[in-house]
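See below for input08.txt, which holds compact mmCIF, C-alpha atoms.
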```
# COMPACT_ATOMS: atom_id res chain seq x y z
CA MET A 163 22.00 7.41 14.19
CA THR A 164 22.84 9.42 11.06
CA PRO A 165 20.45 12.39 10.72
CA LEU A 166 17.83 11.64 8.10
CA HIS A 167 18.58 14.81 6.13
CA HIS A 168 21.95 13.29 5.19
CA LEU A 169 20.14 10.64 3.15
CA ARG A 170 19.23 11.41 -0.46
CA ALA A 171 16.31 10.06 -2.49
CA GLY A 172 15.74 9.49 -6.18
CA ILE A 173 12.16 9.07 -7.44
CA ILE A 174 11.04 7.03 -10.45
CA GLY A 175 7.61 8.07 -11.71
CA THR A 176 5.63 11.31 -11.70
CA GLY A 177 2.01 10.09 -11.66
CA PHE A 178 -0.43 10.38 -8.76
CA ILE A 179 1.74 8.64 -6.15
CA GLY A 180 5.18 9.97 -7.10
CA PRO A 181 4.56 13.50 -5.75
CA VAL A 182 3.03 11.95 -2.61
CA HIS A 183 6.43 10.34 -1.94
CA ILE A 184 8.25 13.62 -2.70
CA GLU A 185 6.09 15.69 -0.37
CA ALA A 186 6.39 13.19 2.49
CA LEU A 187 10.18 13.04 2.12
CA LYS A 188 10.51 16.81 2.12
CA ARG A 189 8.41 17.01 5.30
CA LEU A 190 10.96 14.67 6.89
CA GLY A 191 13.85 16.87 5.81
CA ILE A 192 15.17 14.21 3.44
CA GLN A 193 16.87 15.48 0.30
CA VAL A 194 15.10 14.59 -2.95
CA THR A 195 18.00 14.88 -5.37
CA ALA A 196 16.82 13.12 -8.54
CA ILE A 197 13.70 12.42 -10.60
CA CYS A 198 13.28 9.86 -13.40
CA ALA A 199 10.34 9.64 -15.82
CA SER A 200 9.46 10.67 -19.36
CA SER A 201 11.60 13.64 -20.31
CA LYS A 202 8.72 16.14 -20.26
CA SER A 203 7.13 15.07 -16.97
CA ALA A 204 10.53 14.65 -15.27
CA ARG A 205 11.48 18.24 -16.15
CA GLN A 206 8.10 19.60 -15.01
CA THR A 207 8.26 17.74 -11.70
CA ALA A 208 11.86 18.83 -11.12
CA GLU A 209 10.90 22.46 -11.67
CA GLN A 210 7.89 22.21 -9.37
CA TRP A 211 9.75 20.58 -6.48
CA GLY A 212 13.24 22.00 -6.93
CA ILE A 213 14.89 18.68 -7.81
CA GLU A 214 18.36 19.14 -9.31
CA GLU A 215 19.01 15.93 -11.25
CA VAL A 216 16.62 15.02 -14.08
CA TYR A 217 16.71 11.67 -15.88
CA GLY A 218 14.39 11.57 -18.89
CA ASP A 219 13.36 8.70 -21.14
CA TYR A 220 12.84 6.58 -18.01
CA ASP A 221 16.62 6.10 -17.77
CA HIS A 222 16.61 4.65 -14.26
CA GLU A 223 20.06 3.07 -14.73
CA ALA A 224 21.56 6.54 -15.16
CA MET A 225 19.84 7.76 -11.99
CA TYR A 226 21.10 4.74 -10.04
CA ALA A 227 24.64 5.59 -11.14
CA SER A 228 24.39 9.03 -9.51
CA PRO A 229 26.55 9.37 -6.38
CA ASN A 230 23.82 11.69 -5.03
CA VAL A 231 21.16 8.99 -4.63
CA ASP A 232 21.10 6.70 -1.59
CA VAL A 233 17.49 5.51 -1.67
CA VAL A 234 15.32 4.79 -4.70
CA HIS A 235 11.54 5.23 -4.62
CA ILE A 236 9.90 3.21 -7.38
CA THR A 237 6.48 4.66 -8.25
CA SER A 238 6.31 3.51 -11.87
CA PRO A 239 3.60 1.23 -13.36
CA ASN A 240 3.58 -2.27 -11.90
CA LYS A 241 5.14 -4.00 -14.91
CA ALA A 242 8.39 -2.07 -14.40
CA HIS A 243 8.79 -2.70 -10.66
CA VAL A 244 10.86 -5.87 -10.63
CA GLU A 245 13.40 -4.81 -13.26
CA GLN A 246 13.89 -1.46 -11.52
CA CYS A 247 14.15 -3.12 -8.08
CA LEU A 248 16.73 -5.66 -9.19
CA SER A 249 18.88 -3.00 -10.86
CA ALA A 250 18.77 -0.78 -7.78
CA LEU A 251 19.71 -3.62 -5.43
CA ASP A 252 22.52 -4.66 -7.75
CA MET A 253 23.94 -1.13 -7.53
CA GLY A 254 23.68 -1.10 -3.73
CA LYS A 255 20.74 1.30 -3.47
CA HIS A 256 18.12 1.07 -0.74
CA VAL A 257 14.63 0.69 -2.21
CA ILE A 258 11.04 1.64 -1.41
CA CYS A 259 8.83 0.08 -4.09
CA GLU A 260 5.17 0.79 -4.68
CA LYS A 261 2.83 -2.15 -4.38
CA PRO A 262 2.30 -4.64 -5.83
CA LEU A 263 5.93 -5.70 -5.84
CA GLY A 264 5.57 -7.29 -9.29
CA MET A 265 3.28 -8.85 -11.87
CA ASN A 266 3.68 -12.48 -10.75
CA THR A 267 5.47 -14.61 -8.16
CA GLN A 268 8.14 -15.75 -10.63
CA GLU A 269 9.21 -12.11 -10.81
CA THR A 270 8.84 -11.22 -7.15
CA ALA A 271 10.78 -14.30 -6.04
CA GLN A 272 13.79 -12.78 -7.82
CA VAL A 273 13.52 -9.67 -5.65
CA VAL A 274 13.31 -11.76 -2.47
CA ALA A 275 16.42 -13.66 -3.55
CA ALA A 276 18.31 -10.46 -4.37
CA VAL A 277 17.51 -8.96 -0.95
CA LYS A 278 18.62 -12.16 0.81
CA LYS A 279 21.83 -12.16 -1.22
CA GLY A 280 22.68 -8.74 0.21
CA GLY A 281 22.55 -10.16 3.74
CA LYS A 282 22.59 -8.11 6.94
CA LYS A 283 24.85 -5.47 5.43
CA GLY A 284 22.91 -5.23 2.17
CA PRO A 285 20.42 -2.53 1.14
CA VAL A 286 17.17 -2.03 3.02
CA PHE A 287 14.10 -2.95 0.96
CA ALA A 288 10.49 -1.94 1.66
CA VAL A 289 7.19 -2.31 -0.18
CA ASN A 290 4.88 0.68 0.17
CA TYR A 291 2.04 -0.91 2.17
CA MET A 292 1.83 2.37 4.02
CA CYS A 293 -1.52 1.66 5.67
CA ARG A 294 0.49 -0.07 8.41
CA PHE A 295 1.56 3.39 9.52
CA PHE A 296 -1.78 4.97 10.22
CA PRO A 297 -1.62 5.49 14.00
CA ALA A 298 -4.95 3.66 14.33
CA VAL A 299 -3.58 0.53 12.63
CA LEU A 300 -0.53 0.57 14.91
CA GLN A 301 -2.80 1.13 17.93
CA MET A 302 -5.05 -1.80 17.02
CA ARG A 303 -1.99 -3.96 16.49
CA ALA A 304 -0.74 -3.14 20.00
CA MET A 305 -4.14 -3.85 21.56
CA VAL A 306 -4.49 -7.20 19.77
CA GLU A 307 -0.94 -8.20 20.76
CA ARG A 308 -1.64 -7.37 24.44
CA GLY A 309 -4.88 -9.32 24.41
CA ASP A 310 -7.02 -6.23 25.15
CA ILE A 311 -9.91 -7.62 23.08
CA GLY A 312 -9.26 -11.27 23.94
CA GLU A 313 -8.91 -14.11 21.45
CA ILE A 314 -9.69 -12.94 17.93
CA ILE A 315 -12.83 -14.61 16.54
CA HIS A 316 -13.19 -13.01 13.11
CA VAL A 317 -12.42 -9.95 10.99
CA GLN A 318 -14.64 -8.20 8.47
CA GLY A 319 -14.43 -5.11 6.32
CA HIS A 320 -14.05 -3.53 2.92
CA PHE A 321 -11.97 -1.27 0.72
CA PHE A 322 -14.36 0.77 -1.42
CA GLN A 323 -13.64 3.46 -4.02
CA ASP A 324 -15.72 4.91 -6.87
CA TRP A 325 -13.09 6.44 -9.15
CA LEU A 326 -13.63 3.77 -11.84
CA LEU A 327 -17.43 3.73 -11.63
CA HIS A 328 -18.08 5.23 -15.07
CA GLN A 329 -17.36 3.53 -18.36
CA THR A 330 -15.25 6.54 -19.33
CA ASP A 331 -13.01 6.31 -16.26
CA PHE A 332 -9.57 5.20 -17.44
CA ASN A 333 -6.18 4.56 -15.92
CA TRP A 334 -3.29 2.26 -16.84
CA ARG A 335 -4.23 0.07 -13.87
CA VAL A 336 -7.31 -1.11 -15.79
CA LEU A 337 -5.01 -2.90 -18.27
CA ALA A 338 -3.73 -6.31 -17.18
CA SER A 339 -0.64 -5.79 -19.36
CA GLU A 340 0.30 -2.72 -17.29
CA GLY A 341 -0.86 -3.47 -13.76
CA GLY A 342 -1.42 -7.23 -13.57
CA LYS A 343 -4.37 -9.59 -13.86
CA LEU A 344 -5.93 -8.35 -10.60
CA ARG A 345 -6.80 -4.67 -10.43
CA ALA A 346 -9.25 -3.84 -7.61
CA VAL A 347 -8.03 -6.67 -5.37
CA GLY A 348 -4.40 -6.21 -6.38
CA ASP A 349 -4.37 -2.43 -6.15
CA ILE A 350 -6.41 -1.74 -3.00
CA GLY A 351 -7.49 -5.14 -1.69
CA THR A 352 -3.94 -6.08 -0.82
CA HIS A 353 -3.72 -2.91 1.31
CA TRP A 354 -6.67 -4.24 3.35
CA ILE A 355 -5.21 -7.72 3.64
CA ASP A 356 -1.74 -6.44 4.58
CA ALA A 357 -3.19 -4.12 7.24
CA VAL A 358 -5.20 -6.98 8.78
CA SER A 359 -2.20 -9.30 8.64
CA PHE A 360 -0.09 -6.62 10.35
CA ILE A 361 -2.69 -6.11 13.10
CA LEU A 362 -3.16 -9.83 13.73
CA GLY A 363 0.52 -10.73 13.48
CA ALA A 364 -0.35 -13.60 11.12
CA LYS A 365 -0.39 -14.13 7.36
CA ALA A 366 -3.28 -15.32 5.20
CA GLN A 367 -2.87 -19.03 4.49
CA SER A 368 -5.91 -19.83 2.32
CA VAL A 369 -8.55 -17.95 0.32
CA PHE A 370 -11.97 -18.35 -1.26
CA ALA A 371 -12.77 -15.57 -3.71
CA HIS A 372 -15.18 -14.31 -6.33
CA ILE A 373 -14.15 -11.47 -8.66
CA GLU A 374 -16.18 -9.84 -11.39
CA THR A 375 -15.91 -7.20 -14.11
CA PHE A 376 -18.96 -4.95 -14.36
CA HIS A 377 -17.74 -2.85 -17.29
CA LYS A 378 -16.85 -5.53 -19.84
CA THR A 379 -16.03 -2.73 -22.28
CA ARG A 380 -14.70 0.70 -21.33
CA LEU A 381 -13.69 3.85 -23.21
CA ARG A 382 -10.16 5.21 -23.14
CA PRO A 383 -8.54 8.42 -24.40
CA LYS A 384 -6.35 8.28 -27.45
CA GLY A 385 -3.41 9.75 -25.54
CA GLN A 386 -2.11 9.40 -21.99
CA VAL A 387 -4.17 10.51 -19.02
CA GLN A 388 -3.27 11.19 -15.41
CA THR A 389 -4.98 9.34 -12.55
CA PHE A 390 -8.29 11.05 -11.59
CA ALA A 391 -8.12 13.39 -14.62
CA LYS A 392 -11.35 14.36 -16.41
CA VAL A 393 -11.77 13.26 -20.02
CA ASP A 394 -14.06 13.95 -23.00
CA PRO A 395 -16.08 10.86 -24.09
CA LYS A 396 -16.17 12.15 -27.67
CA THR A 397 -12.41 11.71 -27.97
CA MET A 398 -12.36 8.17 -26.54
CA VAL A 399 -12.19 4.70 -28.09
CA PRO A 400 -13.66 1.39 -26.77
CA TYR A 401 -11.54 -1.48 -25.45
CA LYS A 402 -12.20 -4.82 -23.79
CA VAL A 403 -11.56 -4.87 -20.03
CA ASP A 404 -9.40 -7.73 -18.73
CA THR A 405 -9.27 -6.80 -15.01
CA GLU A 406 -11.94 -6.93 -12.29
CA ASP A 407 -14.03 -4.07 -10.90
CA PHE A 408 -14.88 -5.74 -7.58
CA GLY A 409 -14.44 -8.90 -5.57
CA SER A 410 -15.47 -10.76 -2.43
CA VAL A 411 -12.67 -12.50 -0.55
CA LEU A 412 -12.73 -14.95 2.37
CA LEU A 413 -9.41 -15.53 4.13
CA LYS A 414 -8.07 -17.82 6.82
CA PHE A 415 -5.04 -16.53 8.69
CA GLY A 416 -2.32 -18.52 10.42
CA LYS A 417 -1.15 -18.38 14.03
CA SER A 418 0.37 -15.28 15.59
CA LYS A 419 3.41 -15.35 17.87
CA HIS A 420 1.49 -13.60 20.65
CA GLY A 421 -1.13 -16.37 20.62
CA HIS A 422 -4.28 -14.23 20.49
CA ALA A 423 -4.94 -14.99 16.80
CA ASP A 424 -5.00 -18.54 15.47
CA GLY A 425 -6.85 -19.58 12.31
CA VAL A 426 -8.83 -16.32 12.24
CA HIS A 427 -11.48 -16.10 9.51
CA ALA A 428 -11.85 -12.80 7.63
CA ASN A 429 -14.11 -11.53 4.89
CA ALA A 430 -13.43 -8.50 2.71
CA SER A 431 -15.41 -6.75 -0.03
CA ILE A 432 -13.27 -4.85 -2.53
CA SER A 433 -14.66 -2.42 -5.11
CA GLN A 434 -13.55 0.44 -7.33
CA VAL A 435 -17.12 1.00 -8.55
CA ALA A 436 -18.82 1.74 -5.19
CA ALA A 437 -20.57 5.08 -5.70
CA GLY A 438 -20.01 7.55 -2.90
CA TRP A 439 -16.95 5.89 -1.39
CA LYS A 440 -13.74 7.77 -2.18
CA CYS A 441 -11.17 5.77 -0.22
CA SER A 442 -12.79 3.71 2.53
CA LEU A 443 -10.55 1.04 4.01
CA ALA A 444 -12.80 -0.17 6.83
CA LEU A 445 -12.21 -3.08 9.16
CA GLY A 446 -13.56 -4.63 12.31
CA ILE A 447 -11.50 -6.90 14.56
CA TYR A 448 -13.80 -8.99 16.77
CA GLY A 449 -12.53 -10.75 19.87
CA THR A 450 -13.86 -12.51 22.95
CA LYS A 451 -13.47 -9.39 25.13
CA GLY A 452 -14.41 -6.69 22.64
CA SER A 453 -13.96 -5.32 19.14
CA LEU A 454 -12.06 -2.61 17.28
CA GLN A 455 -13.54 -0.77 14.30
CA TRP A 456 -11.86 1.79 12.05
CA ASP A 457 -12.23 3.50 8.67
CA LEU A 458 -9.44 5.27 6.77
CA GLN A 459 -11.88 8.06 5.87
CA GLN A 460 -12.07 8.89 9.60
CA PRO A 461 -8.48 7.98 10.43
CA ASN A 462 -8.19 9.55 13.88
CA GLU A 463 -10.88 7.52 15.65
CA ILE A 464 -11.21 3.87 16.68
CA THR A 465 -14.43 2.44 18.06
CA HIS A 466 -13.70 0.07 20.94
CA GLY A 467 -16.82 -2.10 21.14
CA ARG A 468 -17.91 -3.96 24.28
CA ARG A 469 -20.85 -6.15 25.20
CA ASP A 470 -21.26 -5.39 28.89
CA GLN A 471 -20.01 -1.79 28.98
CA PRO A 472 -20.65 1.32 26.90
CA ASN A 473 -18.73 1.44 23.63
CA GLN A 474 -15.77 3.83 23.61
CA ILE A 475 -14.45 6.16 20.92
CA LEU A 476 -10.65 6.28 21.09
CA GLN A 477 -9.29 9.55 19.69
CA ARG A 478 -5.72 9.83 18.46
CA GLY A 479 -3.57 11.87 20.81
CA THR A 480 -5.63 11.06 23.92
CA PRO A 481 -5.17 8.33 26.58
CA GLY A 482 -5.77 4.87 25.14
CA PHE A 483 -4.68 6.05 21.70
CA LEU A 484 -1.44 7.80 22.54
CA GLU A 485 1.33 5.91 24.33
CA ASP A 486 1.41 2.91 21.96
CA VAL A 487 1.81 5.12 18.89
CA ALA A 488 4.00 7.88 20.33
CA ASN A 489 6.72 7.39 17.71
CA PHE A 490 4.24 7.41 14.81
CA THR A 491 2.19 10.53 15.38
CA ASP A 492 3.39 14.13 15.42
CA TYR A 493 0.43 16.36 16.23
CA PRO A 494 -1.77 16.78 19.34
CA GLY A 495 -5.23 15.29 19.54
CA GLY A 496 -7.79 17.14 17.42
CA HIS A 497 -5.18 18.00 14.77
CA ALA A 498 -6.08 15.41 12.16
CA GLU A 499 -3.48 13.13 10.61
CA GLY A 500 -4.31 11.10 7.53
CA PHE A 501 -3.11 9.67 4.21
CA SER A 502 -0.09 11.90 3.65
CA ASP A 503 1.00 11.52 7.28
CA ALA A 504 0.92 7.71 7.03
CA HIS A 505 3.28 7.96 4.05
CA LYS A 506 5.55 10.23 6.06
CA MET A 507 5.60 7.83 9.01
CA HIS A 508 6.32 4.89 6.72
CA TYR A 509 9.30 6.61 5.12
CA ARG A 510 10.52 7.80 8.52
CA ALA A 511 10.53 4.18 9.72
CA VAL A 512 12.42 2.99 6.63
CA TYR A 513 14.96 5.81 6.65
CA GLU A 514 15.57 5.41 10.40
CA HIS A 515 16.19 1.71 9.75
CA ILE A 516 18.76 2.68 7.14
CA ALA A 517 20.36 5.40 9.28
CA SER A 518 20.59 3.13 12.33
CA GLY A 519 22.32 0.33 10.45
CA LYS A 520 19.16 -1.82 10.63
CA THR A 521 18.89 -1.69 14.42
CA THR A 522 15.39 -0.13 14.60
CA PRO A 523 12.28 -2.35 14.29
CA ALA A 524 11.40 -3.25 10.69
CA LEU A 525 7.66 -2.65 10.93
CA PHE A 526 7.42 -1.89 7.21
CA ALA A 527 6.49 -4.50 4.60
CA THR A 528 9.55 -6.38 3.32
CA ALA A 529 10.27 -8.01 -0.04
CA GLU A 530 8.97 -11.27 1.42
CA ASP A 531 5.75 -9.53 2.46
CA GLY A 532 5.37 -8.10 -1.04
CA HIS A 533 6.02 -11.52 -2.55
CA HIS A 534 3.38 -13.06 -0.28
CA GLU A 535 0.78 -10.50 -1.40
CA VAL A 536 1.42 -11.35 -5.05
CA LYS A 537 1.21 -15.05 -4.18
CA LEU A 538 -2.09 -14.27 -2.49
CA CYS A 539 -3.36 -12.51 -5.62
CA GLU A 540 -2.57 -15.58 -7.72
CA ALA A 541 -4.44 -17.76 -5.22
CA ILE A 542 -7.44 -15.39 -5.41
CA LEU A 543 -7.48 -15.64 -9.21
CA GLN A 544 -7.31 -19.43 -9.01
CA SER A 545 -10.03 -19.58 -6.37
CA SER A 546 -12.38 -17.41 -8.42
CA ARG A 547 -11.89 -19.63 -11.48
CA GLU A 548 -12.23 -22.93 -9.58
CA LYS A 549 -14.86 -21.69 -7.08
CA SER A 550 -13.03 -23.37 -4.21
CA TRP A 551 -10.64 -22.72 -1.32
CA VAL A 552 -7.01 -22.35 -2.39
CA LYS A 553 -3.93 -22.47 -0.17
CA VAL A 554 -1.55 -19.54 -0.46
```
As a first step, turn the structure in this file into structure tokens.
Amino acid sequence: MTPLHHLRAGIIGTGFIGPVHIEALKRLGIQVTAICASSKSARQTAEQWGIEEVYGDYDHEAMYASPNVDVVHITSPNKAHVEQCLSALDMGKHVICEKPLGMNTQETAQVVAAVKKGGKKGPVFAVNYMCRFFPAVLQMRAMVERGDIGEIIHVQGHFFQDWLLHQTDFNWRVLASEGGKLRAVGDIGTHWIDAVSFILGAKAQSVFAHIETFHKTRLRPKGQVQTFAKVDPKTMVPYKVDTEDFGSVLLKFGKSKHGHADGVHANASISQVAAGWKCSLALGIYGTKGSLQWDLQQPNEITHGRRDQPNQILQRGTPGFLEDVANFTDYPGGHAEGFSDAHKMHYRAVYEHIASGKTTPALFATAEDGHHEVKLCEAILQSSREKSWVKV
């Protein structure tokens, strides 16, 4: 396998998530050789992180033409994803694209087709559903696949945040024209659904959903604002909100290859206006022999629930939460690994797949997975309007 430090990355976007990608790549020893964004922010980010090539005015085509970029990380607003993905694939670049893959399935289907056109020797393509690479998610996946908790009966959970609780909280994701018609469900809800699908080994086949907008009108700054930045209400102007603040989603999953999950029912509550919750992706997998419960805000512990025996807390790096995830955890038990480490592990898996000539397992979300999540979002919108079950 080619050493990972021989591979070179170019980043599009300098908002909240762009530097997360940069930091994770540098921890892996991967060269970050180029940055693309607005001219001002691209220069500032390049200076901060020691990135040599700067492409201002969002000139991603120029960055793709650089002989010093092997892999493109697309962390731009959602509306730009598909165009930037297609151009990168056309120029033979490997791609890691932030989720969602695109604004609608007509767009994302083009990406799926472009990846298929490349064939076995074509570029590697991944969608950044990085929650798959929390060691706990991988551990639960292994336990479900082995049948440790029996036949899966149902799944429940939530993804709660509070960063858009106030009327003055603003981000481009609130605008349907920038991020898509689904915001809370599309932005964080799909992380929950993808993680559950990954653990079960089965995709969601039908949905029943209710979504709602609490803040019908919000206030926004007159200029641009970074994610999580503080603002002054006196300098803000009102606008009508066309995306949802929260939603309730019922899902029915298909059949897994391992046979322990077949037609599993799941229910998820998704909210970006849940006071007190900063980033809580919580889920419970309930089977005939036991259950598994986990929350991203306490990422190093899994509760293994039993009926006839004492419940057990599995701690990362200790027996029962060690051997199955050996390739996806770096530090001993008690040395916490979290959000940034899951990004690192995701990119390690993608870059090893590239370096090995696609011989390592492709555990990361593919273009088809990203397309399915967008298809799922469209079904959720339809279900909420029609108040009925909708097939995905």
Per residue of stretch 298-347 of chain A within 7 Å of stretch 403-412 of chain A, note the shortest atom pair and the distance in Å to one decimal, counting all atoms listed in the file, and order the rows by chain and increasing residue number, as CSV.
```
residue,atom,partner,partner_atom,distance
A:Val336,CA,A:Thr405,CA,6.1
A:Leu337,CA,A:Asp404,CA,6.5
A:Ala338,CA,A:Thr405,CA,6.0
A:Lys343,CA,A:Thr405,CA,5.8
A:Leu344,CA,A:Thr405,CA,5.7
A:Arg345,CA,A:Thr405,CA,5.6
A:Ala346,CA,A:Asp407,CA,5.8
A:Val347,CA,A:Gly409,CA,6.8
```
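Considering the residues A:Val369, A:Ala242, A:Ile184, A:Ala357 and counting only C-alpha atoms, A:Glu540 has its shortest atom-to-atom contact with A:Val369.
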* To do: Just the residues within 12 Å of A:His377, please, counting all atoms listed in the file, with nothing from its chain fewer than 2 positions along; format it as JSON, numbers by chain.
  => {"A": [326, 327, 328, 329, 330, 331, 332, 336, 374, 375, 379, 380, 381, 400, 401, 402, 403, 404, 405, 406, 407, 408, 434, 435]}
* Mind pulling up the distance from atom CA of A:Gly175 to atom CA of A:Glu209? -> 14.8 Å
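The neighbours of A:Phe415 here are the residues that come within 8 Å of it, using only C-alpha atoms and leaving out any residue fewer than 4 positions away in the same chain; they are Ser359, Ala364, Lys365, Ala366, Gln367, Ser368, Asp424, Gly425, Val426, His427 and Ala428 of chain A.
Proximity to A:Gln455 was assessed for A:Ala436, A:Leu443, A:Ile174, A:Ala271 counting all atoms listed in the file; the smallest distance is recorded for A:Leu443.
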* Non-local contacts of stretch 490-502 of chain A (12 Å; only C-alpha atoms; under 3 positions in same chain excluded) as an NGL selection string -> :A and (179 or 181-190 or 291-301 or 441-443 or 457-463 or 476-487 or 505-511 or 525)
Quick one: write out the picked residues with C-alpha atoms as an mmCIF file, in the coordinates of the input?
```cif
data_model
loop_
_atom_site.group_PDB
_atom_site.id
_atom_site.type_symbol
_atom_site.label_atom_id
_atom_site.label_comp_id
_atom_site.auth_asym_id
_atom_site.auth_seq_id
_atom_site.Cartn_x
_atom_site.Cartn_y
_atom_site.Cartn_z
ATOM 1 C CA ILE A 179 1.740 8.640 -6.150
ATOM 2 C CA PRO A 181 4.560 13.500 -5.750
ATOM 3 C CA VAL A 182 3.030 11.950 -2.610
ATOM 4 C CA HIS A 183 6.430 10.340 -1.940
ATOM 5 C CA ILE A 184 8.250 13.620 -2.700
ATOM 6 C CA GLU A 185 6.090 15.690 -0.370
ATOM 7 C CA ALA A 186 6.390 13.190 2.490
ATOM 8 C CA LEU A 187 10.180 13.040 2.120
ATOM 9 C CA LYS A 188 10.510 16.810 2.120
ATOM 10 C CA ARG A 189 8.410 17.010 5.300
ATOM 11 C CA LEU A 190 10.960 14.670 6.890
ATOM 12 C CA TYR A 291 2.040 -0.910 2.170
ATOM 13 C CA MET A 292 1.830 2.370 4.020
ATOM 14 C CA CYS A 293 -1.520 1.660 5.670
ATOM 15 C CA ARG A 294 0.490 -0.070 8.410
ATOM 16 C CA PHE A 295 1.560 3.390 9.520
ATOM 17 C CA PHE A 296 -1.780 4.970 10.220
ATOM 18 C CA PRO A 297 -1.620 5.490 14.000
ATOM 19 C CA ALA A 298 -4.950 3.660 14.330
ATOM 20 C CA VAL A 299 -3.580 0.530 12.630
ATOM 21 C CA LEU A 300 -0.530 0.570 14.910
ATOM 22 C CA GLN A 301 -2.800 1.130 17.930
ATOM 23 C CA CYS A 441 -11.170 5.770 -0.220
ATOM 24 C CA SER A 442 -12.790 3.710 2.530
ATOM 25 C CA LEU A 443 -10.550 1.040 4.010
ATOM 26 C CA ASP A 457 -12.230 3.500 8.670
ATOM 27 C CA LEU A 458 -9.440 5.270 6.770
ATOM 28 C CA GLN A 459 -11.880 8.060 5.870
ATOM 29 C CA GLN A 460 -12.070 8.890 9.600
ATOM 30 C CA PRO A 461 -8.480 7.980 10.430
ATOM 31 C CA ASN A 462 -8.190 9.550 13.880
ATOM 32 C CA GLU A 463 -10.880 7.520 15.650
ATOM 33 C CA LEU A 476 -10.650 6.280 21.090
ATOM 34 C CA GLN A 477 -9.290 9.550 19.690
ATOM 35 C CA ARG A 478 -5.720 9.830 18.460
ATOM 36 C CA GLY A 479 -3.570 11.870 20.810
ATOM 37 C CA THR A 480 -5.630 11.060 23.920
ATOM 38 C CA PRO A 481 -5.170 8.330 26.580
ATOM 39 C CA GLY A 482 -5.770 4.870 25.140
ATOM 40 C CA PHE A 483 -4.680 6.050 21.700
ATOM 41 C CA LEU A 484 -1.440 7.800 22.540
ATOM 42 C CA GLU A 485 1.330 5.910 24.330
ATOM 43 C CA ASP A 486 1.410 2.910 21.960
ATOM 44 C CA VAL A 487 1.810 5.120 18.890
ATOM 45 C CA HIS A 505 3.280 7.960 4.050
ATOM 46 C CA LYS A 506 5.550 10.230 6.060
ATOM 47 C CA MET A 507 5.600 7.830 9.010
ATOM 48 C CA HIS A 508 6.320 4.890 6.720
ATOM 49 C CA TYR A 509 9.300 6.610 5.120
ATOM 50 C CA ARG A 510 10.520 7.800 8.520
ATOM 51 C CA ALA A 511 10.530 4.180 9.720
ATOM 52 C CA LEU A 525 7.660 -2.650 10.930
#
```
* To do: Show me as a PyMOL selection string the residues that reach within 8 Å of (-7.2, 10.5, -27.3), counting all atoms listed in the file and using the file's own coordinates.
  => chain A and resi 382-386+397-399
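Atom pair atom CA of A:Ala204 / atom CA of A:Gly172 has a distance of 11.7 Å (rounded to one decimal).
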Once 6 Å is added on each side, what are the centre and the three edge lengths, in Å to one decimal, of the axis-aligned box enclosing the listed atoms of stretch 301-315 of chain A? Present them as JSON.
```
{"center_x": -6.8, "center_y": -6.7, "center_z": 20.8, "size_x": 24.1, "size_y": 27.7, "size_z": 20.7}
```
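Note that the spacing between atom CA of A:Gly351 and atom CA of A:Asn333 amounts to 17.3 Å.
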I'd like the neighbourhood of A:Arg547 as a PDB file with C-alpha atoms, keeping the file's coordinate frame, where a residue qualifies if any of its atoms comes within 10 Å (using all atoms listed in the file), though same-chain residues fewer than 5 positions away should be ignored.
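Contents of part24.pdb, freshly written:
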```
ATOM      1  CA  ALA A 371     -12.770 -15.570  -3.710  1.00  0.00           C
ATOM      2  CA  HIS A 372     -15.180 -14.310  -6.330  1.00  0.00           C
ATOM      3  CA  ILE A 373     -14.150 -11.470  -8.660  1.00  0.00           C
ATOM      4  CA  ALA A 541      -4.440 -17.760  -5.220  1.00  0.00           C
ATOM      5  CA  ILE A 542      -7.440 -15.390  -5.410  1.00  0.00           C
TER       6      ILE A 542
END
```
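The residue set within 12 Å of A:Gly309, counting only C-alpha atoms and dropping same-chain residues fewer than 4 places from it, reads Met302, Arg303, Ala304, Met305, Glu313, Ile314, Ile361, Leu362, Ser418, His420, Gly421, His422, Ala423, Tyr448, Gly449, Thr450, Lys451, Gly452 and Ser453 of chain A.
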